[in-house]
>>> print(open('query-v7.pdb').read())   # PDB, C-alpha atoms and all ligand atoms
ATOM      1  CA  MET E  13     176.907  37.327-105.431  1.00  0.00           C
ATOM      2  CA  GLU E  14     178.928  39.564-103.162  1.00  0.00           C
ATOM      3  CA  ASP E  15     178.740  43.302-103.164  1.00  0.00           C
ATOM      4  CA  ILE E  16     181.877  45.231-103.953  1.00  0.00           C
ATOM      5  CA  GLU E  17     182.632  48.789-103.014  1.00  0.00           C
ATOM      6  CA  CYS E  18     184.168  51.299-105.394  1.00  0.00           C
ATOM      7  CA  PRO E  19     187.392  52.567-103.739  1.00  0.00           C
ATOM      8  CA  TYR E  20     186.850  55.964-105.336  1.00  0.00           C
ATOM      9  CA  CYS E  21     183.255  56.926-104.664  1.00  0.00           C
ATOM     10  CA  LYS E  22     182.373  54.232-102.086  1.00  0.00           C
ATOM     11  CA  GLU E  23     179.373  53.190-104.112  1.00  0.00           C
ATOM     12  CA  SER E  24     178.642  49.523-103.519  1.00  0.00           C
ATOM     13  CA  PHE E  25     177.135  47.332-106.154  1.00  0.00           C
ATOM     14  CA  GLU E  26     176.738  43.702-107.031  1.00  0.00           C
ATOM     15  CA  TYR E  27     179.628  41.999-108.750  1.00  0.00           C
ATOM     16  CA  ASP E  28     177.960  40.335-111.687  1.00  0.00           C
ATOM     17  CA  SER E  29     180.849  39.857-114.120  1.00  0.00           C
ATOM     18  CA  ASP E  30     182.554  36.536-114.736  1.00  0.00           C
ATOM     19  CA  PRO E  31     183.579  34.908-111.472  1.00  0.00           C
ATOM     20  CA  ILE E  32     187.257  35.408-110.697  1.00  0.00           C
ATOM     21  CA  GLY E  33     189.275  32.551-109.301  1.00  0.00           C
ATOM     22  CA  GLN E  34     190.933  32.525-105.956  1.00  0.00           C
ATOM     23  CA  ASP E  35     193.909  34.924-105.793  1.00  0.00           C
ATOM     24  CA  GLU E  36     193.038  36.281-109.216  1.00  0.00           C
ATOM     25  CA  GLU E  37     192.328  39.884-110.058  1.00  0.00           C
ATOM     26  CA  THR E  38     190.205  41.670-112.584  1.00  0.00           C
ATOM     27  CA  GLU E  39     189.636  45.249-113.645  1.00  0.00           C
ATOM     28  CA  ILE E  40     186.231  46.790-113.139  1.00  0.00           C
ATOM     29  CA  GLU E  41     184.715  50.115-114.068  1.00  0.00           C
ATOM     30  CA  CYS E  42     182.438  51.738-111.509  1.00  0.00           C
ATOM     31  CA  TYR E  43     179.053  52.491-113.004  1.00  0.00           C
ATOM     32  CA  ALA E  44     178.627  55.417-110.602  1.00  0.00           C
ATOM     33  CA  CYS E  45     181.855  57.386-111.110  1.00  0.00           C
ATOM     34  CA  ASP E  46     183.210  55.672-114.249  1.00  0.00           C
ATOM     35  CA  LYS E  47     186.594  55.051-112.628  1.00  0.00           C
ATOM     36  CA  SER E  48     188.406  51.761-113.024  1.00  0.00           C
ATOM     37  CA  PHE E  49     189.782  49.771-110.125  1.00  0.00           C
ATOM     38  CA  VAL E  50     191.110  46.308-109.363  1.00  0.00           C
ATOM     39  CA  VAL E  51     188.971  43.590-107.790  1.00  0.00           C
ATOM     40  CA  SER E  52     190.607  40.518-106.317  1.00  0.00           C
ATOM     41  CA  ALA E  53     189.050  37.305-105.048  1.00  0.00           C
ATOM     42  CA  HIS E  54     190.053  35.659-101.806  1.00  0.00           C
ATOM     43  CA  TRP E  55     189.577  32.231-100.291  1.00  0.00           C
ATOM     44  CA  ASP E  56     186.383  33.180 -98.545  1.00  0.00           C
ATOM     45  CA  VAL E  57     185.101  34.588-101.850  1.00  0.00           C
ATOM     46  CA  THR E  58     184.601  38.143-100.806  1.00  0.00           C
ATOM     47  CA  TYR E  59     185.650  40.802-103.245  1.00  0.00           C
ATOM     48  CA  SER E  60     187.976  43.599-102.328  1.00  0.00           C
ATOM     49  CA  SER E  61     189.040  46.599-104.288  1.00  0.00           C
ATOM     50  CA  ARG E  62     191.930  48.976-104.241  1.00  0.00           C
ATOM     51  CA  LYS E  63     192.666  52.160-106.019  1.00  0.00           C
ATOM     52  CA  ALA E  64     194.705  51.823-109.195  1.00  0.00           C
ATOM     53  CA  ASP E  65     195.218  55.377-110.344  1.00  0.00           C
ATOM     54  CA  CYS E  66     197.218  54.141-113.312  1.00  0.00           C
ATOM     55  CA  LEU E  67     194.052  52.618-114.775  1.00  0.00           C
ATOM     56  CA  ASN E  68     192.505  56.062-114.754  1.00  0.00           C
ATOM     57  CA  ASP E  69     195.432  58.289-115.686  1.00  0.00           C
ATOM     58  CA  GLY E  70     197.464  55.765-117.696  1.00  0.00           C
ATOM     59  CA  CYS E  71     200.591  56.264-115.600  1.00  0.00           C
ATOM     60  CA  CYS E  72     201.733  52.860-114.371  1.00  0.00           C
ATOM     61  CA  THR E  73     204.504  52.542-111.787  1.00  0.00           C
ATOM     62  CA  PHE E  74     206.633  49.737-113.174  1.00  0.00           C
ATOM     63  CA  LYS E  75     209.138  48.038-110.904  1.00  0.00           C
ATOM     64  CA  ASP E  76     211.763  45.494-111.949  1.00  0.00           C
ATOM     65  CA  LEU E  77     210.787  41.913-111.170  1.00  0.00           C
ATOM     66  CA  CYS E  78     213.150  40.028-108.877  1.00  0.00           C
ATOM     67  CA  ARG E  79     213.767  36.843-110.796  1.00  0.00           C
ATOM     68  CA  THR E  80     216.611  34.576-111.846  1.00  0.00           C
ATOM     69  CA  PRO E  81     217.857  35.208-114.386  1.00  0.00           C
ATOM     70  CA  PHE E  82     217.057  38.871-113.906  1.00  0.00           C
ATOM     71  CA  ILE E  83     217.496  39.502-117.625  1.00  0.00           C
ATOM     72  CA  ILE E  84     215.787  37.314-120.218  1.00  0.00           C
ATOM     73  CA  ALA E  85     216.687  37.803-123.867  1.00  0.00           C
ATOM     74  CA  LYS E  86     218.292  41.149-122.944  1.00  0.00           C
ATOM     75  CA  LYS E  87     215.018  42.315-121.399  1.00  0.00           C
ATOM     76  CA  VAL E  88     214.161  43.052-117.780  1.00  0.00           C
ATOM     77  CA  GLY E  89     210.645  42.105-116.725  1.00  0.00           C
ATOM     78  CA  GLN E  90     208.656  44.754-114.890  1.00  0.00           C
ATOM     79  CA  MET E  91     205.330  44.837-113.093  1.00  0.00           C
ATOM     80  CA  CYS E  92     203.126  47.768-112.167  1.00  0.00           C
ATOM     81  CA  SER E  93     202.854  47.909-108.389  1.00  0.00           C
ATOM     82  CA  GLN E  94     199.302  49.208-108.614  1.00  0.00           C
ATOM     83  CA  CYS E  95     197.459  47.261-111.303  1.00  0.00           C
ATOM     84  CA  GLY E  96     199.858  44.326-111.760  1.00  0.00           C
ATOM     85  CA  LYS E  97     200.347  44.892-115.483  1.00  0.00           C
ATOM     86  CA  GLU E  98     203.593  43.439-116.794  1.00  0.00           C
ATOM     87  CA  LYS E  99     205.993  44.647-119.440  1.00  0.00           C
ATOM     88  CA  ASP E 100     209.596  44.289-120.541  1.00  0.00           C
ATOM     89  CA  ARG E 101     212.225  46.940-120.780  1.00  0.00           C
ATOM     90  CA  ASP E 102     215.560  46.742-122.563  1.00  0.00           C
ATOM     91  CA  ALA E 103     218.397  45.877-120.211  1.00  0.00           C
ATOM     92  CA  THR E 104     221.387  48.212-120.315  1.00  0.00           C
ATOM     93  CA  VAL E 105     224.796  46.951-121.409  1.00  0.00           C
ATOM     94  CA  GLU E 106     226.007  47.433-117.810  1.00  0.00           C
ATOM     95  CA  GLU E 107     223.105  45.387-116.441  1.00  0.00           C
ATOM     96  CA  ILE E 108     223.765  42.558-118.894  1.00  0.00           C
ATOM     97  CA  LYS E 109     227.461  42.570-117.943  1.00  0.00           C
ATOM     98  CA  ALA E 110     226.594  42.509-114.241  1.00  0.00           C
ATOM     99  CA  GLU E 111     224.088  39.718-114.812  1.00  0.00           C
ATOM    100  CA  LEU E 112     226.593  37.552-116.688  1.00  0.00           C
ATOM    101  CA  GLU E 113     229.113  38.135-113.884  1.00  0.00           C
ATOM    102  CA  GLN E 114     226.472  37.179-111.322  1.00  0.00           C
ATOM    103  CA  LEU E 115     225.665  33.999-113.257  1.00  0.00           C
ATOM    104  CA  LYS E 116     229.240  33.085-114.125  1.00  0.00           C
ATOM    105  CA  ASP E 117     228.837  29.653-112.521  1.00  0.00           C
ATOM    106  CA  TYR E 118     225.676  28.967-114.534  1.00  0.00           C
ATOM    107  CA  PRO E 119     226.593  29.100-118.237  1.00  0.00           C
ATOM    108  CA  SER E 120     223.209  27.672-119.219  1.00  0.00           C
ATOM    109  CA  LEU E 121     221.536  30.784-117.801  1.00  0.00           C
ATOM    110  CA  HIS E 122     223.756  33.003-119.975  1.00  0.00           C
ATOM    111  CA  LYS E 123     221.829  31.749-122.998  1.00  0.00           C
ATOM    112  CA  ILE E 124     218.588  32.888-121.410  1.00  0.00           C
ATOM    113  CA  THR E 125     220.022  36.259-120.454  1.00  0.00           C
ATOM    114  CA  LEU E 126     221.340  36.850-123.942  1.00  0.00           C
ATOM    115  CA  GLY E 127     218.330  35.352-125.679  1.00  0.00           C
ATOM    116  CA  ARG E 128     220.114  32.566-127.496  1.00  0.00           C
ATOM    117  CA  ASP E 129     218.184  29.331-127.826  1.00  0.00           C
ATOM    118  CA  TYR E 130     215.342  31.049-126.082  1.00  0.00           C
ATOM    119  CA  ASN E 131     211.905  31.491-127.585  1.00  0.00           C
ATOM    120  CA  HIS E 132     210.303  34.602-126.225  1.00  0.00           C
ATOM    121  CA  ASP E 133     206.578  34.666-126.803  1.00  0.00           C
TER
HETATM  122 ZN    ZN E 201     182.889  54.776-108.175  1.00  0.00          ZN
HETATM  123 ZN    ZN E 202     199.384  50.165-113.679  1.00  0.00          ZN
END
>>> encode(input="query-v7.pdb", output="structure tokens", more="lines below")
Ligand SMILES: [Zn+2]
Ligand SMILES: [Zn+2]
Amino acid sequence: MEDIECPYCKESFEYDSDPIGQDEETEIECYACDKSFVVSAHWDVTYSSRKADCLNDGCCTFKDLCRTPFIIAKKVGQMCSQCGKEKDRDATVEEIKAELEQLKDYPSLHKITLGRDYNHD
């Protein structure tokens, strides 16, 4: 198994948790400084880590996802730029109006934007 280095305290230790697939990420807690960080696997199966302060202070930096349709069931998808966590936020009335205008040539997407005939899990 590869060694990984804690991005906070630079302690390196053996990665002995479940193997993570290529291009996948997992959260790890450093045994030395007790801080959490993100480990991602790459093609050559080395592990890298980056700071994710939000895992330690609980303050994620959510950014709107660029997707089409932008609004699904009146919700805008967001992802934290640090830890990759996803969540939804309520779209504003203005955003929904703008989205419907944007998609005026695609009536089938209006259903998705407004959440009709759409099963959100
Ligand atoms: Zn550490
Ligand atoms: Zn986060």
>>> closest_atom_pairs(input="query-v7.pdb", of="chain E", to="ligand ZN 201 (chain E)", cutoff="9 Å", atoms="all atoms listed in the file", output="CSV")
residue,atom,partner,partner_atom,distance
E:Glu17,CA,E:ZN201,ZN,7.9
E:Cys18,CA,E:ZN201,ZN,4.6
E:Pro19,CA,E:ZN201,ZN,6.7
E:Tyr20,CA,E:ZN201,ZN,5.0
E:Cys21,CA,E:ZN201,ZN,4.1
E:Lys22,CA,E:ZN201,ZN,6.1
E:Glu23,CA,E:ZN201,ZN,5.6
E:Ser24,CA,E:ZN201,ZN,8.2
E:Glu41,CA,E:ZN201,ZN,7.7
E:Cys42,CA,E:ZN201,ZN,4.5
E:Tyr43,CA,E:ZN201,ZN,6.6
E:Ala44,CA,E:ZN201,ZN,4.9
E:Cys45,CA,E:ZN201,ZN,4.1
E:Asp46,CA,E:ZN201,ZN,6.1
E:Lys47,CA,E:ZN201,ZN,5.8
E:Ser48,CA,E:ZN201,ZN,7.9
E:Phe49,CA,E:ZN201,ZN,8.7
>>> closest_residue(input="query-v7.pdb", among="E:Ser52, E:Phe82, E:Gly70, E:Lys97", to="Ala110 of chain E", atoms="all atoms listed in the file")
E:Phe82
>>> residues_near_ligand(input="query-v7.pdb", ligand="ligand ZN 202 (chain E)", cutoff="12 Å", atoms="all atoms listed in the file", output="JSON, numbers by chain")
{"E": [39, 48, 49, 50, 63, 64, 65, 66, 67, 68, 69, 70, 71, 72, 73, 74, 75, 90, 91, 92, 93, 94, 95, 96, 97, 98, 99]}
>>> resolve_selection(input="query-v7.pdb", expression="the PyMOL selection byres (((chain E and resi 123) around 12) and not hetatm)", output="PyMOL selection string")
chain E and resi 81+83-86+108+111-112+115-116+118-122+124-131
>>> resolve_selection(input="query-v7.pdb", expression="the PyMOL selection byres (((chain E and resi 102) around 9) and not hetatm)", output="list in words")
Ile83, Lys86, Lys87, Val88, Gly89, Asp100, Arg101, Ala103 and Thr104 of chain E
>>> closest_residue(input="query-v7.pdb", among="E:Val105, E:Ile32, E:Ile16, E:Ile40", to="Tyr59 of chain E", atoms="all atoms listed in the file")
E:Ile16
>>> atom_distance(input="query-v7.pdb", atom1="atom CA of Asp76 of chain E", atom2="atom CA of Glu106 of chain E")
15.5 Å
>>> atom_distance(input="query-v7.pdb", atom1="atom CA of Ser29 of chain E", atom2="atom CA of Asp15 of chain E")
11.7 Å
>>> atom_distance(input="query-v7.pdb", atom1="atom CA of Cys78 of chain E", atom2="atom CA of Ser60 of chain E")
26.3 Å
>>> axis_aligned_box(input="query-v7.pdb", around="segment 88-99 of chain E", padding_each_side="6 Å", output="AutoDock Vina command-line options")
--center_x 205.8 --center_y 45.7 --center_z -113.9 --size_x 28.7 --size_y 19.1 --size_z 23.1
>>> build_atoms(input="query-v7.pdb", residues="segment 57-87 of chain E", atoms="N, CA and C atoms", output="PDB file, in the coordinates of the input")
ATOM      1  N   VAL E  57     185.896  34.043-100.757  1.00  0.00           N
ATOM      2  CA  VAL E  57     185.101  34.588-101.850  1.00  0.00           C
ATOM      3  C   VAL E  57     184.350  35.848-101.442  1.00  0.00           C
ATOM      4  N   THR E  58     185.091  36.779-100.869  1.00  0.00           N
ATOM      5  CA  THR E  58     184.601  38.143-100.806  1.00  0.00           C
ATOM      6  C   THR E  58     185.443  38.928-101.786  1.00  0.00           C
ATOM      7  N   TYR E  59     184.913  40.007-102.290  1.00  0.00           N
ATOM      8  CA  TYR E  59     185.650  40.802-103.245  1.00  0.00           C
ATOM      9  C   TYR E  59     186.174  42.050-102.562  1.00  0.00           C
ATOM     10  N   SER E  60     187.430  42.368-102.868  1.00  0.00           N
ATOM     11  CA  SER E  60     187.976  43.599-102.328  1.00  0.00           C
ATOM     12  C   SER E  60     188.457  44.453-103.481  1.00  0.00           C
ATOM     13  N   SER E  61     188.621  45.702-103.220  1.00  0.00           N
ATOM     14  CA  SER E  61     189.040  46.599-104.288  1.00  0.00           C
ATOM     15  C   SER E  61     190.099  47.540-103.752  1.00  0.00           C
ATOM     16  N   ARG E  62     190.943  47.974-104.634  1.00  0.00           N
ATOM     17  CA  ARG E  62     191.930  48.976-104.241  1.00  0.00           C
ATOM     18  C   ARG E  62     192.051  49.972-105.362  1.00  0.00           C
ATOM     19  N   LYS E  63     192.486  51.147-104.996  1.00  0.00           N
ATOM     20  CA  LYS E  63     192.666  52.160-106.019  1.00  0.00           C
ATOM     21  C   LYS E  63     193.792  51.750-106.961  1.00  0.00           C
ATOM     22  N   ALA E  64     193.638  52.032-108.229  1.00  0.00           N
ATOM     23  CA  ALA E  64     194.705  51.823-109.195  1.00  0.00           C
ATOM     24  C   ALA E  64     194.675  53.048-110.098  1.00  0.00           C
ATOM     25  N   ASP E  65     195.280  54.114-109.608  1.00  0.00           N
ATOM     26  CA  ASP E  65     195.218  55.377-110.344  1.00  0.00           C
ATOM     27  C   ASP E  65     195.713  55.237-111.769  1.00  0.00           C
ATOM     28  N   CYS E  66     196.642  54.288-111.976  1.00  0.00           N
ATOM     29  CA  CYS E  66     197.218  54.141-113.312  1.00  0.00           C
ATOM     30  C   CYS E  66     196.161  53.700-114.322  1.00  0.00           C
ATOM     31  N   LEU E  67     195.102  53.024-113.845  1.00  0.00           N
ATOM     32  CA  LEU E  67     194.052  52.618-114.775  1.00  0.00           C
ATOM     33  C   LEU E  67     193.251  53.822-115.232  1.00  0.00           C
ATOM     34  N   ASN E  68     193.288  54.872-114.437  1.00  0.00           N
ATOM     35  CA  ASN E  68     192.505  56.062-114.754  1.00  0.00           C
ATOM     36  C   ASN E  68     193.335  57.147-115.436  1.00  0.00           C
ATOM     37  N   ASP E  69     194.610  57.243-115.058  1.00  0.00           N
ATOM     38  CA  ASP E  69     195.432  58.289-115.686  1.00  0.00           C
ATOM     39  C   ASP E  69     196.476  57.720-116.640  1.00  0.00           C
ATOM     40  N   GLY E  70     196.539  56.375-116.737  1.00  0.00           N
ATOM     41  CA  GLY E  70     197.464  55.765-117.696  1.00  0.00           C
ATOM     42  C   GLY E  70     198.917  55.801-117.285  1.00  0.00           C
ATOM     43  N   CYS E  71     199.198  56.191-116.037  1.00  0.00           N
ATOM     44  CA  CYS E  71     200.591  56.264-115.600  1.00  0.00           C
ATOM     45  C   CYS E  71     200.901  55.111-114.654  1.00  0.00           C
ATOM     46  N   CYS E  72     201.382  54.004-115.192  1.00  0.00           N
ATOM     47  CA  CYS E  72     201.733  52.860-114.371  1.00  0.00           C
ATOM     48  C   CYS E  72     203.068  53.105-113.673  1.00  0.00           C
ATOM     49  N   THR E  73     203.240  52.469-112.509  1.00  0.00           N
ATOM     50  CA  THR E  73     204.504  52.542-111.787  1.00  0.00           C
ATOM     51  C   THR E  73     205.179  51.190-111.911  1.00  0.00           C
ATOM     52  N   PHE E  74     206.017  51.033-112.929  1.00  0.00           N
ATOM     53  CA  PHE E  74     206.633  49.737-113.174  1.00  0.00           C
ATOM     54  C   PHE E  74     207.870  49.551-112.315  1.00  0.00           C
ATOM     55  N   LYS E  75     207.952  48.382-111.685  1.00  0.00           N
ATOM     56  CA  LYS E  75     209.138  48.038-110.904  1.00  0.00           C
ATOM     57  C   LYS E  75     209.752  46.770-111.498  1.00  0.00           C
ATOM     58  N   ASP E  76     211.085  46.679-111.439  1.00  0.00           N
ATOM     59  CA  ASP E  76     211.763  45.494-111.949  1.00  0.00           C
ATOM     60  C   ASP E  76     211.353  44.269-111.139  1.00  0.00           C
ATOM     61  N   LEU E  77     211.106  43.172-111.840  1.00  0.00           N
ATOM     62  CA  LEU E  77     210.787  41.913-111.170  1.00  0.00           C
ATOM     63  C   LEU E  77     212.067  41.287-110.635  1.00  0.00           C
ATOM     64  N   CYS E  78     212.017  40.762-109.422  1.00  0.00           N
ATOM     65  CA  CYS E  78     213.150  40.028-108.877  1.00  0.00           C
ATOM     66  C   CYS E  78     213.040  38.581-109.341  1.00  0.00           C
ATOM     67  N   ARG E  79     213.831  38.209-110.296  1.00  0.00           N
ATOM     68  CA  ARG E  79     213.767  36.843-110.796  1.00  0.00           C
ATOM     69  C   ARG E  79     215.170  36.411-111.207  1.00  0.00           C
ATOM     70  N   THR E  80     215.332  35.118-111.391  1.00  0.00           N
ATOM     71  CA  THR E  80     216.611  34.576-111.846  1.00  0.00           C
ATOM     72  C   THR E  80     216.373  33.761-113.103  1.00  0.00           C
ATOM     73  N   PRO E  81     216.995  34.040-114.220  1.00  0.00           N
ATOM     74  CA  PRO E  81     217.857  35.208-114.386  1.00  0.00           C
ATOM     75  C   PRO E  81     217.040  36.497-114.429  1.00  0.00           C
ATOM     76  N   PHE E  82     217.675  37.553-113.960  1.00  0.00           N
ATOM     77  CA  PHE E  82     217.057  38.871-113.906  1.00  0.00           C
ATOM     78  C   PHE E  82     216.750  39.368-115.314  1.00  0.00           C
ATOM     79  N   ILE E  83     217.648  39.052-116.245  1.00  0.00           N
ATOM     80  CA  ILE E  83     217.496  39.502-117.625  1.00  0.00           C
ATOM     81  C   ILE E  83     217.202  38.300-118.517  1.00  0.00           C
ATOM     82  N   ILE E  84     216.135  38.387-119.283  1.00  0.00           N
ATOM     83  CA  ILE E  84     215.787  37.314-120.218  1.00  0.00           C
ATOM     84  C   ILE E  84     215.762  37.897-121.620  1.00  0.00           C
ATOM     85  N   ALA E  85     216.590  37.316-122.497  1.00  0.00           N
ATOM     86  CA  ALA E  85     216.687  37.803-123.867  1.00  0.00           C
ATOM     87  C   ALA E  85     216.946  39.313-123.896  1.00  0.00           C
ATOM     88  N   LYS E  86     217.874  39.748-123.039  1.00  0.00           N
ATOM     89  CA  LYS E  86     218.292  41.149-122.944  1.00  0.00           C
ATOM     90  C   LYS E  86     217.170  42.076-122.493  1.00  0.00           C
ATOM     91  N   LYS E  87     216.132  41.505-121.898  1.00  0.00           N
ATOM     92  CA  LYS E  87     215.018  42.315-121.399  1.00  0.00           C
ATOM     93  C   LYS E  87     214.845  42.091-119.897  1.00  0.00           C
TER      94      LYS E  87
END
